[in-house]
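A.B. asks: Shown below is the structure under consideration.
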Number of protein chains: 2
Amino acid sequence: MPERLDELRYHGGNLSAARRSFPNAPEPWIDLSTGINPVPYPLGIIAPSAWTKLPEPRGLAELEAAARAAHSAKPSTEIVAAPGTQALIQWLPRVFPARRAGILGFTYGEREECWRAAGTKVSTVEALTDLVAFDVSVVVNPNNPDGRTFPPDDLAEIAKTLAQHGGLLIVDEAFMDPLGRRSSLVPRLPEAGALVLRSFGKIHGLSGLRLGFAIAPPEVGEVLRRAIGRWAVSGPAIEIGRRALADASRLKETVARLSDEAARLDRLLQSAGFEIVGGTPLFRLAQHKRARAFFERLGRAGILSRPFQAKPDWLRFGIPHARAEWERLEAALDTSEGTFAEDGIRDAHC
Amino acid sequence: MPERLDELRYHGGNLSAARRSFPNAPEPWIDLSTGINPVPYPLGIIAPSAWTKLPEPRGLAELEAAARAAHSAKPSTEIVAAPGTQALIQWLPRVFPARRAGILGFTYGEREECWRAAGTKVSTVEALTDLVAFDVSVVVNPNNPDGRTFPPDDLAEIAKTLAQHGGLLIVDEAFMDPLGRRSSLVPRLPEAGALVLRSFGKIHGLSGLRLGFAIAPPEVGEVLRRAIGRWAVSGPAIEIGRRALADASRLKETVARLSDEAARLDRLLQSAGFEIVGGTPLFRLAQHKRARAFFERLGRAGILSRPFQAKPDWLRFGIPHARAEWERLEAALDTSEGTFAEDGIRDAHC
């Protein structure tokens, strides 16, 4: 179990590790360990030249223009496309070197390692206002995994205070799309002085495409653009990204569907004895005294949820898709028959 | 013309800029400004999960194993997949900081800028042995644009001397595939102590996919792997890359075809008065007193070649594909009718 968690704890999506941990689980696996929309944006027809030729500056500019419109960024704000926000997270500590970085916790772990690898002293703080004391501060909004949100007014205030002593606020809006522009800091740029990260793959269900954006004041964005270099984003990502980002009506439908399904997932988890801690329409965070036993039980049923080493009573769930997935999840969560006494789950109901 | 060259000089593939420069050129443009195989490896069927899911460690490991076999790397050598070798070129100056870097010239320009941006003093040298005097030294083998090659024995010697004072030799083998394993430094790793870059997109005709590899001793490769982070390579790149790298018979056919066509291109250029300076089966470098006039003439005919600001009498040509491209190139190079006196090209024949 410790080894199993070690492989699975930090991020989801590692079905190979899940298969090794639960060799007798039925196929196909249902991967609820990530916060990715299970209904992908249609790939459509991809021009052969998107595969064969080096991506041209013009296509990239059109992609970034579509991202600008989709995220309500002003013309004076810089948008930099990258092969996934993780690529940007890897670069940030190198191009904005900091003595001390503050991260609002509890949140996704890998970010901390990137700053430490660049020689930065990293502190995790619990209050937003604590972030003003660092050279660089990071907020995930809405936060992963608990879905906690932070008003743009408050974030703009933090960014302003940081900027006064040459600091930088980084806001990761990876799960912002369902919340809409009024919850985002992007429309306040460039004045707010912060750098915002936006993921493409999560809401559009295309994480394998590797596409994400940094949105920032021009001087900040330019540093990042020079660092990641030319041809960072693949031709297919440019083409599909441009189409999906321009499709506002599809996004609206997606958000409505995900919101409904998130509510359905909450009801299902609650009926299994979980308490909903928080989440976004792309994932739900649930608490149960026997969360680890549920993780094991779901694993044996071929369903991968997301455990957290530091929070043994939490599990995070992505949104299931289609009837078969809902039925399997429902069956795996149903402990009423008592045939799974070895899980120790029924005790938790007492 | 200076402005036009400024847009087009450093790298090829910018057809949008070419269209702006030659608004009356016929469509479709023939892009001979890059060294990319014009016949792409067949995309085949791409699993939906390659698009929708975060790339799993297992798929990446399989891709890297295929690259290991294709490039004859020993099991003790580290292979790191990246979204194109340009992404690795961007990272190298950050993860191997150097006071002084030496680059064997004349070669592709952007590399220098990356090192300078990291605060490194960059010198271009002309003799291989001059490279031992730096912290980091870079050789492109075969060299771009002249196709000059360097024996692996000599490179291994340079790498060894550099390593004795903690230095690192970087060998960019972007155009190595047609030359084969005996010309490559990769089979001498990890002992040779160098870092080798291998491009995927050029020889497989899939530059838009963004895929390349760093091949290095484990301790060197690991630093780079941690820097670029997880999920750097897209799902489609992992899947297509794995297949293409395992297809040795197709590679053999590709190299035979490109070699034949490179020889045909040489004959065509020579008959137009060019002298062949060098090249590889993926591109030819040709010299002509009126090279710039030819660049313009070809541009007006919708054919993009590659000029070099520092070498006004050079043009580099990729390999044309299919009868229509060969015919248009032949027609555009044919100055015998004298109707293009304004080019000043015929004078050059005298």
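For the structure tokens, the naming scheme is as follows: chains receive sequential letters (A, B, ...) according to their order of presentation, residues are indexed from 1 within each chain, and ligands are indexed from 1 in presentation order.
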Range 3-168 of chain A: which residues are strand (DSSP E) by DSSP, as a PyMOL selection string?

C.D. replies: chain A and resi 30-31+78-82+100-104+121-125+136-140+168

A.B. asks: Write a file of the selected residues as a compact mmCIF listing (two decimals), in the first residue's frame, keeping C-alpha atoms.

C.D. replies:
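For reference, out_34.txt as written:
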# COMPACT_ATOMS: atom_id res chain seq x y z
CA ILE A 30 -12.46 3.81 -15.33
CA ASP A 31 -10.03 6.63 -14.68
CA GLU A 78 0.35 39.01 -23.64
CA ILE A 79 -0.77 35.41 -24.32
CA VAL A 80 1.88 32.70 -24.68
CA ALA A 81 0.90 29.23 -25.88
CA ALA A 82 2.90 26.30 -24.50
CA ARG A 100 11.55 32.81 -1.49
CA ALA A 101 8.31 31.50 -2.97
CA GLY A 102 4.99 31.15 -1.20
CA ILE A 103 2.32 28.68 -2.24
CA LEU A 104 -1.21 28.76 -0.95
CA LYS A 121 13.04 28.37 -0.60
CA VAL A 122 9.38 27.36 -0.76
CA SER A 123 6.81 27.89 1.98
CA THR A 124 3.23 26.72 2.00
CA VAL A 125 0.89 29.22 3.62
CA VAL A 136 6.93 34.92 -6.03
CA SER A 137 3.58 33.63 -4.81
CA VAL A 138 1.35 30.97 -6.27
CA VAL A 139 -2.42 30.53 -5.94
CA VAL A 140 -4.47 27.84 -7.66
CA LEU A 168 5.12 38.35 -8.95

A.B. asks: Mind checking which residues fall within 12 Å of Leu60 in chain A, counting only C-alpha atoms, ignoring those fewer than 5 positions away in the same chain, and posting them as a list in words?

C.D. replies: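 Here the qualifying residues turn out to be Ala50, Leu54, Pro55, Ala65, Ala66, Ala67, Ile79, Val80, Ala81, Ala82, Pro83, Leu211, Phe213, Arg225, Arg230, Trp231, Ala232, Val233, Ser234, Gly235, Pro236, Ala237, Ile238, Glu239, Ile240, Gly241 and Arg242 of chain A; Asn14 and Ser16 of chain B.
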
A.B. asks: Quick one: residues within 8 Å of range 37-44 of chain B, only C-alpha atoms, excluding same-chain residues fewer than 5 positions away - as a ChimeraX atom specification?

C.D. replies: /A:52 /B:202-206,240,244,258,282,319-321

A.B. asks: Considering only C-alpha atoms, return as a list in words whatever protein or nucleic-acid residues lie within 6 Å of Gly212 in chain B, sequence-local ones (same chain, fewer than 6 positions apart) excluded.

C.D. replies: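 Contacts, with the query itself left out: Ala81, Ala82, Gly84, Thr85, Arg198, Ser199 and Phe200 of chain B.
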
A.B. asks: Please identify all polymer residues within 8 Å of Leu195 in chain B, counting only C-alpha atoms, omitting same-chain residues fewer than 5 positions from it, and present them as a compact mmCIF listing (two decimals) with N, CA and C atoms, in the first residue's frame.

C.D. replies:
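Writing done, so here's out_15.txt:
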# COMPACT_ATOMS: atom_id res chain seq x y z
N LEU B 168 31.13 20.09 -21.08
CA LEU B 168 30.18 19.19 -21.75
C LEU B 168 30.17 19.46 -23.25
N LEU B 169 30.27 18.38 -24.03
CA LEU B 169 30.11 18.50 -25.47
C LEU B 169 28.67 18.16 -25.85
N ILE B 170 28.04 19.04 -26.62
CA ILE B 170 26.69 18.81 -27.13
C ILE B 170 26.80 18.60 -28.64
N VAL B 171 26.32 17.46 -29.11
CA VAL B 171 26.38 17.16 -30.54
C VAL B 171 24.95 17.09 -31.07
N ALA B 214 17.04 13.79 -26.32
CA ALA B 214 18.40 14.00 -25.81
C ALA B 214 18.91 12.62 -25.41
N ILE B 215 20.12 12.30 -25.82
CA ILE B 215 20.73 11.01 -25.50
C ILE B 215 22.04 11.31 -24.80
N ALA B 216 22.20 10.78 -23.59
CA ALA B 216 23.32 11.24 -22.76
C ALA B 216 23.63 10.25 -21.66
N PRO B 217 24.78 10.41 -20.99
CA PRO B 217 25.05 9.62 -19.79
C PRO B 217 23.93 9.87 -18.77
N VAL B 220 23.62 13.16 -16.74
CA VAL B 220 23.34 14.34 -17.59
C VAL B 220 21.89 14.32 -18.06
N GLY B 221 21.45 13.15 -18.51
CA GLY B 221 20.07 13.01 -19.00
C GLY B 221 19.05 13.28 -17.91

A.B. asks: Would you please work out which residue, of A:Arg181, A:Lys53, A:Arg99, A:His71, is nearest to chain B when using only C-alpha atoms?

C.D. replies: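 Smallest separation from chain B among the options: A:Lys53.
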
A.B. asks: Which one is closest to chain A: B:Ala18, B:Ala192, B:Ala69, B:Ile228? Count only C-alpha atoms.

C.D. replies: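 Result for the nearest residue to chain A: B:Ile228.
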
A.B. asks: Find the distance between CA of Ala301 in chain B and CA of Ala332 in chain B and write it in Å to one decimal.

C.D. replies: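 CA of Ala332 in chain B lies at a distance of 6.4 Å from CA of Ala301 in chain B.
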